[in-house]
There are 2 protein chains.
Amino acid sequence: MPAPDAPVTGAHPSPQEPAAAGPARPSRLDPAIAARLRRTSDGLVAAVVRQHDSGEVLMVAWMDDEALHRTLTTGRATYWSRSRREYWVKGATSGHHQYVRSVALDCDGDALLVDVDQVGAACHTGQRTCFFTELPVGGDGAGGR
Amino acid sequence: MPAPDAPVTGAHPSPQEPAAAGPARPSRLDPAIAARLRRTSDGLVAAVVRQHDSGEVLMVAWMDDEALHRTLTTGRATYWSRSRREYWVKGATSGHHQYVRSVALDCDGDALLVDVDQVGAACHTGQRTCFFTELPVGGDGAGGR
């Protein structure tokens with residue numbers, strides 16, 4: 001994520017976050033890439049998954065170092081399941097594969113943008129994208145400037 | 001995020017995640033929306049921010065209940081700073097405002113997709129998007145099917 005705007009309170013404006021955690025599990029990830037990651041306390045970074053040609057945001061999942069390594073080296077999107085505590089290759093059983101076109105790391109290393117070619121539905125509900133619940137937006141800033 | 005594919009190991013395939021945390025701070029968020037959130041242990045959901053007309057993914061930041069409430073009711077993207085432990089309105093000091101066009105919650109309530117009209121650069125580096133570091137992708141799955 002980006003550094004926040006400088007605080008009104010005058011607190012230090014440097015984009016310092018809490019001390020980053022190291023890898024949670026052994027990994028073959030390129031150490032030069034691993035050194036750039038800023039992981040959550042459980043060793044994860046957020047992966048935003050986008051359909052490469054339409055710009056549609058399909059889902060958000062989590063990767064640890066090894067999931068990122070597998071994603072980068074196999075070209076198949078691979079995540080860490082926080083509930084089952086194991087790796088899962090998207091589409092392995094559903095057939096809804098994600099063929100990876102590109103992966104980009106954000107400026108402070110805690111999020112990935114994964115451009116894929118999604119086969120079928122990305123969401124377990126059968127919807128194309130997981131983001132199908134619209135929330136109401138109001139206020140002066142809404143609807144344009 | 002979506003439910004993972006059914007595990008190869010035969011573990012329970014239900015998309016159960018660790019028990020969701022409640023709100024970390026007092027909030028005026030609509031209780032019907034709050035009830036749908038599945039927060040991290042520190043009370044946050046991931047917010048994926050996208051330019052509404054181009055599909056460009058600009059950044060990932062974090063919201064707690066109150067940050068989401070402020071975003072929905074003011075139409076100005078508002079986040080929770082994990083480092084400074086305070087709210088920040090994007091653009092408040094930088095001028096790089098985010099006018100919110102729509103907000104969608106994902107299927108299991110732990111991520112938001114925020115479509116905005118971004119003024120200037122989203123990234124503190126001055127780049128339009130925070131995702132400017134490409135990682136190398138190889139493997140059979142890469143580059144299409």
# chains A, B, ... in the order shown; residues from 1 in each chain; ligands from 1

call {"tool": "select_by_dssp", "arguments": {"residues": "stretch 15-70 of chain B", "states": "alpha helix (DSSP H)", "output": "ChimeraX atom specification"}}
result
/B:31-34,65-70

call {"tool": "write_last_selection", "arguments": {"atoms": "N, CA and C atoms", "output": "PDB file, in the first residue's frame"}}
result
ATOM      1  N   PRO B  31     -24.896  -1.598  11.107  1.00  0.00           N
ATOM      2  CA  PRO B  31     -24.694  -2.929  11.693  1.00  0.00           C
ATOM      3  C   PRO B  31     -24.901  -4.065  10.691  1.00  0.00           C
ATOM      4  N   ALA B  32     -25.775  -3.841   9.702  1.00  0.00           N
ATOM      5  CA  ALA B  32     -26.017  -4.887   8.698  1.00  0.00           C
ATOM      6  C   ALA B  32     -24.769  -5.111   7.835  1.00  0.00           C
ATOM      7  N   ILE B  33     -24.024  -4.042   7.595  1.00  0.00           N
ATOM      8  CA  ILE B  33     -22.768  -4.183   6.851  1.00  0.00           C
ATOM      9  C   ILE B  33     -21.689  -4.748   7.769  1.00  0.00           C
ATOM     10  N   ALA B  34     -21.621  -4.224   8.974  1.00  0.00           N
ATOM     11  CA  ALA B  34     -20.600  -4.686   9.928  1.00  0.00           C
ATOM     12  C   ALA B  34     -20.698  -6.194  10.151  1.00  0.00           C
ATOM     13  N   ASP B  65     -13.924  -0.786  10.568  1.00  0.00           N
ATOM     14  CA  ASP B  65     -15.340  -0.480  10.383  1.00  0.00           C
ATOM     15  C   ASP B  65     -15.570   1.022  10.189  1.00  0.00           C
ATOM     16  N   GLU B  66     -14.926   1.822  11.011  1.00  0.00           N
ATOM     17  CA  GLU B  66     -15.174   3.259  10.955  1.00  0.00           C
ATOM     18  C   GLU B  66     -14.600   3.872   9.672  1.00  0.00           C
ATOM     19  N   ALA B  67     -13.466   3.383   9.222  1.00  0.00           N
ATOM     20  CA  ALA B  67     -12.911   3.880   7.958  1.00  0.00           C
ATOM     21  C   ALA B  67     -13.866   3.559   6.812  1.00  0.00           C
ATOM     22  N   LEU B  68     -14.462   2.381   6.850  1.00  0.00           N
ATOM     23  CA  LEU B  68     -15.441   2.032   5.812  1.00  0.00           C
ATOM     24  C   LEU B  68     -16.665   2.934   5.929  1.00  0.00           C
ATOM     25  N   HIS B  69     -17.124   3.154   7.158  1.00  0.00           N
ATOM     26  CA  HIS B  69     -18.272   4.055   7.365  1.00  0.00           C
ATOM     27  C   HIS B  69     -17.984   5.436   6.775  1.00  0.00           C
ATOM     28  N   ARG B  70     -16.811   5.966   7.069  1.00  0.00           N
ATOM     29  CA  ARG B  70     -16.479   7.312   6.576  1.00  0.00           C
ATOM     30  C   ARG B  70     -16.367   7.319   5.053  1.00  0.00           C
TER      31      ARG B  70
END

call {"tool": "select_by_dssp", "arguments": {"residues": "chain B", "states": "strand (DSSP E or B)", "output": "PyMOL selection string"}}
result
chain B and resi 21+39+45-51+57-63+76+78-81+86-89+98-105+111-118+133-135

call {"tool": "closest_residue", "arguments": {"among": "A:His96, A:Arg85, A:Arg76, A:His52", "to": "chain B", "atoms": "only C-alpha atoms"}}
result
A:Arg76

call {"tool": "closest_residue", "arguments": {"among": "B:Ala21, B:Leu29, B:Ala77, B:Val119", "to": "B:Ser41", "atoms": "only C-alpha atoms"}}
result
B:Ala21

call {"tool": "residues_around", "arguments": {"residues": "stretch 36-39 of chain A", "least_positions_apart": "6", "cutoff": "6 Å", "atoms": "only C-alpha atoms", "output": "list in words"}}
result
Ala20, Ala21, Val45, Gly109 and Asp110 of chain A

call {"tool": "residues_around", "arguments": {"residues": "B:Asp53", "least_positions_apart": "2", "cutoff": "9 Å", "atoms": "only C-alpha atoms", "output": "list in words"}}
result
Arg50, Gln51, Gly55, Glu56, Asp115, Val116 and Asp117 of chain B

call {"tool": "closest_residue", "arguments": {"among": "A:His97, A:Lys90, A:Arg25, A:Arg128", "to": "chain B", "atoms": "only C-alpha atoms"}}
result
A:Lys90

call {"tool": "closest_residue", "arguments": {"among": "A:Ala121, A:Gly126, A:Leu44, A:Gly91", "to": "chain B", "atoms": "only C-alpha atoms"}}
result
A:Gly91

call {"tool": "closest_residue", "arguments": {"among": "B:Thr129, B:Thr40, B:Thr74, B:Ser54", "to": "chain A", "atoms": "only C-alpha atoms"}}
result
B:Thr74

call {"tool": "residues_around", "arguments": {"residues": "A:Cys123", "least_positions_apart": "3", "cutoff": "12 Å", "atoms": "only C-alpha atoms", "output": "ChimeraX atom specification"}}
result
/A:49,57-61,90-91,94,96-98,118-120,126-132 /B:1-5,15,106-108

call {"tool": "atom_distance", "arguments": {"atom1": "atom CA of A:Val89", "atom2": "atom CA of B:Asp64"}}
result
29.8 Å

call {"tool": "closest_residue", "arguments": {"among": "B:Gly43, B:Thr78, B:Gly95, B:His124", "to": "chain A", "atoms": "only C-alpha atoms"}}
result
B:His124

call {"tool": "atom_distance", "arguments": {"atom1": "atom CA of B:Gly75", "atom2": "atom CA of A:Thr125"}}
result
29.2 Å
